[in-house]
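Student: This is the structure, below, for whatever I ask next.
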Amino acid sequence: MLLSFVLMNASDSGLYDRLSFFGKLYGVDQNPDVAMWLLFITVYVLSVLAYILGFAKKLKLWQNIIIYIIMLLFSLPLTFFAAFYPVAECLIVIVFVMGMYRYRLHKEKKQGTISFDKK
């Protein structure tokens, strides 16, 4: 990947300090090729979870395939940002908040305190 070439040519002074949590966890400064792929997979999985918990509707199979392919393509630039900025960490917070929302919505539907009337 391009970022691995940039990281190989960067001076090591202060590079570790500028990495995000997941960048440090995966060792982007030591083994950038493997670490960037792990970071890419992390960003993609967290993006898919955020989509499923917050925005997914019942769609046809081909529409879902297109959505997941587009998310796969747009996870690449997010991965470059995620090496130095807290992109994955923010996605974890988003997934956590949307998971709590879904849980509360399910709980209130089960109790009958909430109803969805179509007008």
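Going through the structure tokens in order, the chains are called A, B, and so on, while each chain numbers its residues from 1 and the ligands are numbered from 1 in the order shown.
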Set the distance at 12 Å and use only C-alpha atoms: which residues neighbour Met100 (chain A) once local chain neighbours fewer than 5 positions away are removed? I'd like the list as a list in words.
Tutor: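 Contacts, in chain order: Ala50, Leu53, Gly54, Val93, Ile94, Val95, Leu105, His106 and Lys107 of chain A.
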Student: Extract, using only C-alpha atoms, all DNA, RNA and protein residues at most 7 Å from region 37-45 of chain A, discarding same-chain residues fewer than 6 positions from it, and format them as number ranges by chain.
Tutor: A: 72, 75-76, 79, 88
Student: Mind writing the picked residues with all heavy atoms as an mmCIF file, in the first residue's frame?
Tutor:
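The resulting file, again_34.cif, is reproduced below:
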```cif
data_model
loop_
_atom_site.group_PDB
_atom_site.id
_atom_site.type_symbol
_atom_site.label_atom_id
_atom_site.label_comp_id
_atom_site.auth_asym_id
_atom_site.auth_seq_id
_atom_site.Cartn_x
_atom_site.Cartn_y
_atom_site.Cartn_z
ATOM 1 N N LEU A 72 -17.023 -0.888 1.146
ATOM 2 C CA LEU A 72 -15.673 -1.439 1.035
ATOM 3 C C LEU A 72 -14.741 -0.450 0.354
ATOM 4 O O LEU A 72 -13.613 -0.218 0.811
ATOM 5 C CB LEU A 72 -15.706 -2.760 0.265
ATOM 6 C CG LEU A 72 -14.410 -3.536 0.172
ATOM 7 C CD1 LEU A 72 -14.080 -4.148 1.519
ATOM 8 C CD2 LEU A 72 -14.525 -4.611 -0.875
ATOM 9 N N SER A 75 -14.017 2.564 2.621
ATOM 10 C CA SER A 75 -13.242 2.259 3.817
ATOM 11 C C SER A 75 -11.751 2.453 3.582
ATOM 12 O O SER A 75 -10.998 2.636 4.538
ATOM 13 C CB SER A 75 -13.505 0.817 4.265
ATOM 14 O OG SER A 75 -14.815 0.683 4.734
ATOM 15 N N LEU A 76 -11.328 2.430 2.325
ATOM 16 C CA LEU A 76 -9.912 2.611 2.023
ATOM 17 C C LEU A 76 -9.398 3.992 2.437
ATOM 18 O O LEU A 76 -8.398 4.081 3.161
ATOM 19 C CB LEU A 76 -9.645 2.344 0.544
ATOM 20 C CG LEU A 76 -8.192 2.392 0.120
ATOM 21 C CD1 LEU A 76 -7.405 1.300 0.822
ATOM 22 C CD2 LEU A 76 -8.087 2.242 -1.377
ATOM 23 N N THR A 79 -9.206 4.233 6.125
ATOM 24 C CA THR A 79 -8.081 3.493 6.696
ATOM 25 C C THR A 79 -6.823 4.342 6.732
ATOM 26 O O THR A 79 -6.066 4.305 7.706
ATOM 27 C CB THR A 79 -7.830 2.213 5.879
ATOM 28 O OG1 THR A 79 -9.022 1.436 5.861
ATOM 29 C CG2 THR A 79 -6.712 1.395 6.476
ATOM 30 N N ALA A 88 -11.292 4.583 13.809
ATOM 31 C CA ALA A 88 -11.834 3.320 14.319
ATOM 32 C C ALA A 88 -12.421 3.487 15.718
ATOM 33 O O ALA A 88 -13.448 2.877 16.038
ATOM 34 C CB ALA A 88 -10.751 2.250 14.312
#
```
Student: Determine which residues of chain A receive a DSSP assignment of helix (DSSP H, G or I), computed from the backbone, and state them as a PDB file with N, CA and C atoms, in the first residue's frame.
Tutor:
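As a result, selection_16.pdb now contains:
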```pdb
ATOM      1  N   LEU A   2       0.303   2.319  -0.401  1.00  0.00           N
ATOM      2  CA  LEU A   2       1.036   3.577  -0.488  1.00  0.00           C
ATOM      3  C   LEU A   2       1.489   4.063   0.882  1.00  0.00           C
ATOM      4  N   LEU A   3       0.650   3.891   1.890  1.00  0.00           N
ATOM      5  CA  LEU A   3       1.004   4.369   3.220  1.00  0.00           C
ATOM      6  C   LEU A   3       2.197   3.615   3.778  1.00  0.00           C
ATOM      7  N   SER A   4       2.337   2.334   3.434  1.00  0.00           N
ATOM      8  CA  SER A   4       3.489   1.583   3.921  1.00  0.00           C
ATOM      9  C   SER A   4       4.777   2.167   3.365  1.00  0.00           C
ATOM     10  N   PHE A   5       4.769   2.617   2.106  1.00  0.00           N
ATOM     11  CA  PHE A   5       5.942   3.262   1.518  1.00  0.00           C
ATOM     12  C   PHE A   5       6.251   4.577   2.229  1.00  0.00           C
ATOM     13  N   VAL A   6       5.223   5.330   2.528  1.00  0.00           N
ATOM     14  CA  VAL A   6       5.407   6.611   3.231  1.00  0.00           C
ATOM     15  C   VAL A   6       5.947   6.364   4.633  1.00  0.00           C
ATOM     16  N   LEU A   7       5.409   5.352   5.325  1.00  0.00           N
ATOM     17  CA  LEU A   7       5.862   5.068   6.678  1.00  0.00           C
ATOM     18  C   LEU A   7       7.288   4.539   6.702  1.00  0.00           C
ATOM     19  N   MET A   8       7.681   3.776   5.684  1.00  0.00           N
ATOM     20  CA  MET A   8       9.045   3.252   5.625  1.00  0.00           C
ATOM     21  C   MET A   8      10.053   4.391   5.463  1.00  0.00           C
ATOM     22  N   ASN A   9       9.681   5.441   4.729  1.00  0.00           N
ATOM     23  CA  ASN A   9      10.596   6.545   4.475  1.00  0.00           C
ATOM     24  C   ASN A   9      10.520   7.644   5.534  1.00  0.00           C
ATOM     25  N   LEU A  15       7.009   9.225  15.267  1.00  0.00           N
ATOM     26  CA  LEU A  15       5.973   8.562  14.478  1.00  0.00           C
ATOM     27  C   LEU A  15       5.049   7.758  15.380  1.00  0.00           C
ATOM     28  N   TYR A  16       5.625   7.030  16.331  1.00  0.00           N
ATOM     29  CA  TYR A  16       4.820   6.215  17.232  1.00  0.00           C
ATOM     30  C   TYR A  16       3.878   7.083  18.053  1.00  0.00           C
ATOM     31  N   ASP A  17       4.323   8.256  18.435  1.00  0.00           N
ATOM     32  CA  ASP A  17       3.496   9.150  19.254  1.00  0.00           C
ATOM     33  C   ASP A  17       2.303   9.697  18.486  1.00  0.00           C
ATOM     34  N   ARG A  18       2.416   9.794  17.176  1.00  0.00           N
ATOM     35  CA  ARG A  18       1.327  10.343  16.367  1.00  0.00           C
ATOM     36  C   ARG A  18       0.297   9.307  15.948  1.00  0.00           C
ATOM     37  N   PHE A  21      -4.787   4.760  18.472  1.00  0.00           N
ATOM     38  CA  PHE A  21      -4.759   3.564  19.318  1.00  0.00           C
ATOM     39  C   PHE A  21      -4.632   2.302  18.473  1.00  0.00           C
ATOM     40  N   PHE A  22      -5.475   2.184  17.440  1.00  0.00           N
ATOM     41  CA  PHE A  22      -5.419   0.991  16.601  1.00  0.00           C
ATOM     42  C   PHE A  22      -4.150   0.956  15.756  1.00  0.00           C
ATOM     43  N   GLY A  23      -3.627   2.109  15.392  1.00  0.00           N
ATOM     44  CA  GLY A  23      -2.352   2.154  14.690  1.00  0.00           C
ATOM     45  C   GLY A  23      -1.226   1.606  15.555  1.00  0.00           C
ATOM     46  N   LYS A  24      -1.240   1.965  16.827  1.00  0.00           N
ATOM     47  CA  LYS A  24      -0.254   1.426  17.763  1.00  0.00           C
ATOM     48  C   LYS A  24      -0.506  -0.044  18.049  1.00  0.00           C
ATOM     49  N   LEU A  25      -1.783  -0.403  18.201  1.00  0.00           N
ATOM     50  CA  LEU A  25      -2.138  -1.786  18.515  1.00  0.00           C
ATOM     51  C   LEU A  25      -1.692  -2.742  17.419  1.00  0.00           C
ATOM     52  N   TYR A  26      -1.905  -2.371  16.175  1.00  0.00           N
ATOM     53  CA  TYR A  26      -1.537  -3.232  15.059  1.00  0.00           C
ATOM     54  C   TYR A  26      -0.084  -3.065  14.640  1.00  0.00           C
ATOM     55  N   PRO A  32       4.052  -2.161   8.460  1.00  0.00           N
ATOM     56  CA  PRO A  32       2.938  -1.403   7.899  1.00  0.00           C
ATOM     57  C   PRO A  32       2.046  -2.192   6.940  1.00  0.00           C
ATOM     58  N   ASP A  33       2.585  -3.163   6.219  1.00  0.00           N
ATOM     59  CA  ASP A  33       1.754  -3.901   5.258  1.00  0.00           C
ATOM     60  C   ASP A  33       0.652  -4.688   5.955  1.00  0.00           C
ATOM     61  N   VAL A  34       1.012  -5.495   6.911  1.00  0.00           N
ATOM     62  CA  VAL A  34       0.024  -6.309   7.631  1.00  0.00           C
ATOM     63  C   VAL A  34      -0.872  -5.429   8.496  1.00  0.00           C
ATOM     64  N   ALA A  35      -0.273  -4.452   9.153  1.00  0.00           N
ATOM     65  CA  ALA A  35      -1.037  -3.595  10.062  1.00  0.00           C
ATOM     66  C   ALA A  35      -2.094  -2.785   9.321  1.00  0.00           C
ATOM     67  N   MET A  36      -1.763  -2.299   8.129  1.00  0.00           N
ATOM     68  CA  MET A  36      -2.750  -1.520   7.378  1.00  0.00           C
ATOM     69  C   MET A  36      -3.902  -2.403   6.905  1.00  0.00           C
ATOM     70  N   TRP A  37      -3.611  -3.651   6.549  1.00  0.00           N
ATOM     71  CA  TRP A  37      -4.704  -4.557   6.181  1.00  0.00           C
ATOM     72  C   TRP A  37      -5.596  -4.844   7.385  1.00  0.00           C
ATOM     73  N   LEU A  38      -4.992  -5.052   8.556  1.00  0.00           N
ATOM     74  CA  LEU A  38      -5.795  -5.265   9.764  1.00  0.00           C
ATOM     75  C   LEU A  38      -6.625  -4.029  10.098  1.00  0.00           C
ATOM     76  N   LEU A  39      -6.035  -2.868   9.925  1.00  0.00           N
ATOM     77  CA  LEU A  39      -6.767  -1.622  10.164  1.00  0.00           C
ATOM     78  C   LEU A  39      -7.904  -1.456   9.155  1.00  0.00           C
ATOM     79  N   PHE A  40      -7.657  -1.827   7.899  1.00  0.00           N
ATOM     80  CA  PHE A  40      -8.702  -1.766   6.874  1.00  0.00           C
ATOM     81  C   PHE A  40      -9.870  -2.685   7.225  1.00  0.00           C
ATOM     82  N   ILE A  41      -9.560  -3.904   7.649  1.00  0.00           N
ATOM     83  CA  ILE A  41     -10.618  -4.854   8.025  1.00  0.00           C
ATOM     84  C   ILE A  41     -11.392  -4.332   9.229  1.00  0.00           C
ATOM     85  N   THR A  42     -10.696  -3.755  10.196  1.00  0.00           N
ATOM     86  CA  THR A  42     -11.357  -3.195  11.383  1.00  0.00           C
ATOM     87  C   THR A  42     -12.308  -2.065  11.005  1.00  0.00           C
ATOM     88  N   VAL A  43     -11.833  -1.155  10.173  1.00  0.00           N
ATOM     89  CA  VAL A  43     -12.672  -0.021   9.754  1.00  0.00           C
ATOM     90  C   VAL A  43     -13.877  -0.517   8.963  1.00  0.00           C
ATOM     91  N   TYR A  44     -13.676  -1.485   8.083  1.00  0.00           N
ATOM     92  CA  TYR A  44     -14.787  -2.002   7.275  1.00  0.00           C
ATOM     93  C   TYR A  44     -15.826  -2.712   8.141  1.00  0.00           C
ATOM     94  N   VAL A  45     -15.377  -3.563   9.038  1.00  0.00           N
ATOM     95  CA  VAL A  45     -16.324  -4.294   9.899  1.00  0.00           C
ATOM     96  C   VAL A  45     -17.102  -3.336  10.793  1.00  0.00           C
ATOM     97  N   LEU A  46     -16.424  -2.354  11.356  1.00  0.00           N
ATOM     98  CA  LEU A  46     -17.124  -1.384  12.200  1.00  0.00           C
ATOM     99  C   LEU A  46     -18.086  -0.517  11.392  1.00  0.00           C
ATOM    100  N   SER A  47     -17.740  -0.199  10.154  1.00  0.00           N
ATOM    101  CA  SER A  47     -18.650   0.557   9.282  1.00  0.00           C
ATOM    102  C   SER A  47     -19.888  -0.261   8.954  1.00  0.00           C
ATOM    103  N   VAL A  48     -19.695  -1.544   8.680  1.00  0.00           N
ATOM    104  CA  VAL A  48     -20.832  -2.422   8.391  1.00  0.00           C
ATOM    105  C   VAL A  48     -21.735  -2.547   9.612  1.00  0.00           C
ATOM    106  N   LEU A  49     -21.132  -2.701  10.796  1.00  0.00           N
ATOM    107  CA  LEU A  49     -21.949  -2.779  12.016  1.00  0.00           C
ATOM    108  C   LEU A  49     -22.729  -1.489  12.257  1.00  0.00           C
ATOM    109  N   ALA A  50     -22.093  -0.355  12.030  1.00  0.00           N
ATOM    110  CA  ALA A  50     -22.793   0.927  12.201  1.00  0.00           C
ATOM    111  C   ALA A  50     -23.944   1.040  11.210  1.00  0.00           C
ATOM    112  N   TYR A  51     -23.737   0.592   9.989  1.00  0.00           N
ATOM    113  CA  TYR A  51     -24.805   0.627   8.987  1.00  0.00           C
ATOM    114  C   TYR A  51     -25.953  -0.287   9.389  1.00  0.00           C
ATOM    115  N   ILE A  52     -25.633  -1.490   9.807  1.00  0.00           N
ATOM    116  CA  ILE A  52     -26.679  -2.453  10.177  1.00  0.00           C
ATOM    117  C   ILE A  52     -27.473  -1.958  11.386  1.00  0.00           C
ATOM    118  N   LEU A  53     -26.785  -1.445  12.394  1.00  0.00           N
ATOM    119  CA  LEU A  53     -27.476  -1.007  13.609  1.00  0.00           C
ATOM    120  C   LEU A  53     -28.267   0.281  13.422  1.00  0.00           C
ATOM    121  N   GLY A  54     -27.842   1.141  12.511  1.00  0.00           N
ATOM    122  CA  GLY A  54     -28.479   2.437  12.427  1.00  0.00           C
ATOM    123  C   GLY A  54     -29.294   2.718  11.196  1.00  0.00           C
ATOM    124  N   LEU A  61     -31.323  -8.359  -2.498  1.00  0.00           N
ATOM    125  CA  LEU A  61     -29.962  -8.856  -2.359  1.00  0.00           C
ATOM    126  C   LEU A  61     -28.971  -8.039  -3.171  1.00  0.00           C
ATOM    127  N   TRP A  62     -29.300  -7.708  -4.407  1.00  0.00           N
ATOM    128  CA  TRP A  62     -28.363  -6.971  -5.248  1.00  0.00           C
ATOM    129  C   TRP A  62     -28.128  -5.557  -4.725  1.00  0.00           C
ATOM    130  N   GLN A  63     -29.146  -4.974  -4.089  1.00  0.00           N
ATOM    131  CA  GLN A  63     -28.974  -3.652  -3.499  1.00  0.00           C
ATOM    132  C   GLN A  63     -28.039  -3.702  -2.292  1.00  0.00           C
ATOM    133  N   ASN A  64     -28.189  -4.753  -1.475  1.00  0.00           N
ATOM    134  CA  ASN A  64     -27.283  -4.933  -0.343  1.00  0.00           C
ATOM    135  C   ASN A  64     -25.855  -5.147  -0.812  1.00  0.00           C
ATOM    136  N   ILE A  65     -25.666  -5.920  -1.857  1.00  0.00           N
ATOM    137  CA  ILE A  65     -24.324  -6.169  -2.385  1.00  0.00           C
ATOM    138  C   ILE A  65     -23.685  -4.866  -2.840  1.00  0.00           C
ATOM    139  N   ILE A  66     -24.441  -4.023  -3.528  1.00  0.00           N
ATOM    140  CA  ILE A  66     -23.911  -2.736  -3.984  1.00  0.00           C
ATOM    141  C   ILE A  66     -23.542  -1.855  -2.794  1.00  0.00           C
ATOM    142  N   ILE A  67     -24.371  -1.823  -1.764  1.00  0.00           N
ATOM    143  CA  ILE A  67     -24.088  -1.005  -0.583  1.00  0.00           C
ATOM    144  C   ILE A  67     -22.811  -1.470   0.096  1.00  0.00           C
ATOM    145  N   TYR A  68     -22.640  -2.782   0.257  1.00  0.00           N
ATOM    146  CA  TYR A  68     -21.449  -3.289   0.927  1.00  0.00           C
ATOM    147  C   TYR A  68     -20.195  -3.095   0.079  1.00  0.00           C
ATOM    148  N   ILE A  69     -20.314  -3.140  -1.235  1.00  0.00           N
ATOM    149  CA  ILE A  69     -19.167  -2.869  -2.104  1.00  0.00           C
ATOM    150  C   ILE A  69     -18.773  -1.394  -2.008  1.00  0.00           C
ATOM    151  N   ILE A  70     -19.753  -0.510  -1.993  1.00  0.00           N
ATOM    152  CA  ILE A  70     -19.457   0.920  -1.851  1.00  0.00           C
ATOM    153  C   ILE A  70     -18.817   1.196  -0.489  1.00  0.00           C
ATOM    154  N   MET A  71     -19.317   0.552   0.558  1.00  0.00           N
ATOM    155  CA  MET A  71     -18.687   0.726   1.872  1.00  0.00           C
ATOM    156  C   MET A  71     -17.258   0.198   1.869  1.00  0.00           C
ATOM    157  N   LEU A  72     -17.023  -0.888   1.146  1.00  0.00           N
ATOM    158  CA  LEU A  72     -15.673  -1.439   1.035  1.00  0.00           C
ATOM    159  C   LEU A  72     -14.741  -0.450   0.354  1.00  0.00           C
ATOM    160  N   LEU A  73     -15.220   0.190  -0.708  1.00  0.00           N
ATOM    161  CA  LEU A  73     -14.392   1.163  -1.435  1.00  0.00           C
ATOM    162  C   LEU A  73     -14.102   2.405  -0.593  1.00  0.00           C
ATOM    163  N   PHE A  74     -15.096   2.879   0.136  1.00  0.00           N
ATOM    164  CA  PHE A  74     -14.904   4.094   0.922  1.00  0.00           C
ATOM    165  C   PHE A  74     -14.233   3.826   2.271  1.00  0.00           C
ATOM    166  N   SER A  75     -14.017   2.564   2.621  1.00  0.00           N
ATOM    167  CA  SER A  75     -13.242   2.259   3.817  1.00  0.00           C
ATOM    168  C   SER A  75     -11.751   2.453   3.582  1.00  0.00           C
ATOM    169  N   LEU A  76     -11.328   2.430   2.325  1.00  0.00           N
ATOM    170  CA  LEU A  76      -9.912   2.611   2.023  1.00  0.00           C
ATOM    171  C   LEU A  76      -9.398   3.992   2.437  1.00  0.00           C
ATOM    172  N   PRO A  77     -10.048   5.102   2.041  1.00  0.00           N
ATOM    173  CA  PRO A  77      -9.549   6.395   2.529  1.00  0.00           C
ATOM    174  C   PRO A  77      -9.673   6.546   4.040  1.00  0.00           C
ATOM    175  N   LEU A  78     -10.711   5.958   4.622  1.00  0.00           N
ATOM    176  CA  LEU A  78     -10.843   6.018   6.078  1.00  0.00           C
ATOM    177  C   LEU A  78      -9.695   5.286   6.766  1.00  0.00           C
ATOM    178  N   THR A  79      -9.206   4.233   6.125  1.00  0.00           N
ATOM    179  CA  THR A  79      -8.081   3.493   6.696  1.00  0.00           C
ATOM    180  C   THR A  79      -6.823   4.342   6.732  1.00  0.00           C
ATOM    181  N   PHE A  80      -6.576   5.122   5.677  1.00  0.00           N
ATOM    182  CA  PHE A  80      -5.415   6.005   5.684  1.00  0.00           C
ATOM    183  C   PHE A  80      -5.524   7.032   6.806  1.00  0.00           C
ATOM    184  N   PHE A  81      -6.711   7.558   7.024  1.00  0.00           N
ATOM    185  CA  PHE A  81      -6.909   8.497   8.129  1.00  0.00           C
ATOM    186  C   PHE A  81      -6.801   7.788   9.483  1.00  0.00           C
ATOM    187  N   ALA A  82      -7.246   6.524   9.536  1.00  0.00           N
ATOM    188  CA  ALA A  82      -7.291   5.792  10.802  1.00  0.00           C
ATOM    189  C   ALA A  82      -5.913   5.482  11.362  1.00  0.00           C
ATOM    190  N   VAL A  87     -10.294   7.273  13.839  1.00  0.00           N
ATOM    191  CA  VAL A  87     -11.461   6.889  13.035  1.00  0.00           C
ATOM    192  C   VAL A  87     -12.100   5.615  13.588  1.00  0.00           C
ATOM    193  N   ALA A  88     -11.292   4.583  13.809  1.00  0.00           N
ATOM    194  CA  ALA A  88     -11.834   3.320  14.319  1.00  0.00           C
ATOM    195  C   ALA A  88     -12.421   3.487  15.718  1.00  0.00           C
ATOM    196  N   GLU A  89     -11.791   4.310  16.520  1.00  0.00           N
ATOM    197  CA  GLU A  89     -12.296   4.548  17.865  1.00  0.00           C
ATOM    198  C   GLU A  89     -13.669   5.229  17.817  1.00  0.00           C
ATOM    199  N   CYS A  90     -13.833   6.181  16.902  1.00  0.00           N
ATOM    200  CA  CYS A  90     -15.129   6.839  16.741  1.00  0.00           C
ATOM    201  C   CYS A  90     -16.179   5.858  16.227  1.00  0.00           C
ATOM    202  N   LEU A  91     -15.787   4.960  15.342  1.00  0.00           N
ATOM    203  CA  LEU A  91     -16.719   3.953  14.855  1.00  0.00           C
ATOM    204  C   LEU A  91     -17.156   3.017  15.981  1.00  0.00           C
ATOM    205  N   ILE A  92     -16.253   2.715  16.908  1.00  0.00           N
ATOM    206  CA  ILE A  92     -16.626   1.888  18.064  1.00  0.00           C
ATOM    207  C   ILE A  92     -17.672   2.609  18.907  1.00  0.00           C
ATOM    208  N   VAL A  93     -17.487   3.894  19.130  1.00  0.00           N
ATOM    209  CA  VAL A  93     -18.467   4.670  19.905  1.00  0.00           C
ATOM    210  C   VAL A  93     -19.809   4.698  19.174  1.00  0.00           C
ATOM    211  N   ILE A  94     -19.774   4.891  17.858  1.00  0.00           N
ATOM    212  CA  ILE A  94     -21.009   4.908  17.068  1.00  0.00           C
ATOM    213  C   ILE A  94     -21.736   3.579  17.182  1.00  0.00           C
ATOM    214  N   VAL A  95     -21.005   2.475  17.045  1.00  0.00           N
ATOM    215  CA  VAL A  95     -21.619   1.143  17.142  1.00  0.00           C
ATOM    216  C   VAL A  95     -22.195   0.932  18.540  1.00  0.00           C
ATOM    217  N   PHE A  96     -21.492   1.370  19.573  1.00  0.00           N
ATOM    218  CA  PHE A  96     -21.969   1.211  20.942  1.00  0.00           C
ATOM    219  C   PHE A  96     -23.255   2.000  21.176  1.00  0.00           C
ATOM    220  N   VAL A  97     -23.290   3.252  20.735  1.00  0.00           N
ATOM    221  CA  VAL A  97     -24.479   4.101  20.943  1.00  0.00           C
ATOM    222  C   VAL A  97     -25.665   3.544  20.146  1.00  0.00           C
ATOM    223  N   MET A  98     -25.430   3.153  18.903  1.00  0.00           N
ATOM    224  CA  MET A  98     -26.531   2.609  18.102  1.00  0.00           C
ATOM    225  C   MET A  98     -26.991   1.260  18.627  1.00  0.00           C
ATOM    226  N   GLY A  99     -26.078   0.483  19.196  1.00  0.00           N
ATOM    227  CA  GLY A  99     -26.468  -0.776  19.825  1.00  0.00           C
ATOM    228  C   GLY A  99     -27.349  -0.555  21.033  1.00  0.00           C
ATOM    229  N   MET A 100     -27.000   0.465  21.842  1.00  0.00           N
ATOM    230  CA  MET A 100     -27.851   0.793  22.991  1.00  0.00           C
ATOM    231  C   MET A 100     -29.227   1.280  22.535  1.00  0.00           C
ATOM    232  N   TYR A 101     -29.246   2.078  21.484  1.00  0.00           N
ATOM    233  CA  TYR A 101     -30.519   2.564  20.943  1.00  0.00           C
ATOM    234  C   TYR A 101     -31.379   1.397  20.465  1.00  0.00           C
ATOM    235  N   ARG A 102     -30.776   0.483  19.724  1.00  0.00           N
ATOM    236  CA  ARG A 102     -31.527  -0.675  19.233  1.00  0.00           C
ATOM    237  C   ARG A 102     -32.050  -1.537  20.374  1.00  0.00           C
ATOM    238  N   TYR A 103     -31.236  -1.707  21.409  1.00  0.00           N
ATOM    239  CA  TYR A 103     -31.658  -2.502  22.557  1.00  0.00           C
ATOM    240  C   TYR A 103     -32.843  -1.857  23.257  1.00  0.00           C
ATOM    241  N   ARG A 104     -32.753  -0.546  23.484  1.00  0.00           N
ATOM    242  CA  ARG A 104     -33.871   0.150  24.149  1.00  0.00           C
ATOM    243  C   ARG A 104     -35.131   0.128  23.298  1.00  0.00           C
ATOM    244  N   LEU A 105     -34.974   0.293  21.995  1.00  0.00           N
ATOM    245  CA  LEU A 105     -36.127   0.247  21.101  1.00  0.00           C
ATOM    246  C   LEU A 105     -36.785  -1.129  21.137  1.00  0.00           C
ATOM    247  N   HIS A 106     -35.975  -2.172  21.120  1.00  0.00           N
ATOM    248  CA  HIS A 106     -36.507  -3.534  21.197  1.00  0.00           C
ATOM    249  C   HIS A 106     -37.206  -3.777  22.530  1.00  0.00           C
ATOM    250  N   LYS A 107     -36.599  -3.289  23.602  1.00  0.00           N
ATOM    251  CA  LYS A 107     -37.175  -3.455  24.937  1.00  0.00           C
ATOM    252  C   LYS A 107     -38.513  -2.733  25.061  1.00  0.00           C
ATOM    253  N   GLU A 108     -38.601  -1.506  24.540  1.00  0.00           N
ATOM    254  CA  GLU A 108     -39.850  -0.747  24.629  1.00  0.00           C
ATOM    255  C   GLU A 108     -40.922  -1.324  23.707  1.00  0.00           C
ATOM    256  N   LYS A 109     -40.537  -1.854  22.573  1.00  0.00           N
ATOM    257  CA  LYS A 109     -41.509  -2.526  21.702  1.00  0.00           C
ATOM    258  C   LYS A 109     -42.084  -3.754  22.401  1.00  0.00           C
ATOM    259  N   LYS A 110     -41.217  -4.479  23.079  1.00  0.00           N
ATOM    260  CA  LYS A 110     -41.637  -5.701  23.771  1.00  0.00           C
ATOM    261  C   LYS A 110     -42.596  -5.382  24.911  1.00  0.00           C
ATOM    262  N   GLN A 111     -42.360  -4.264  25.621  1.00  0.00           N
ATOM    263  CA  GLN A 111     -43.233  -3.863  26.720  1.00  0.00           C
ATOM    264  C   GLN A 111     -44.529  -3.228  26.223  1.00  0.00           C
TER     265      GLN A 111
END
```
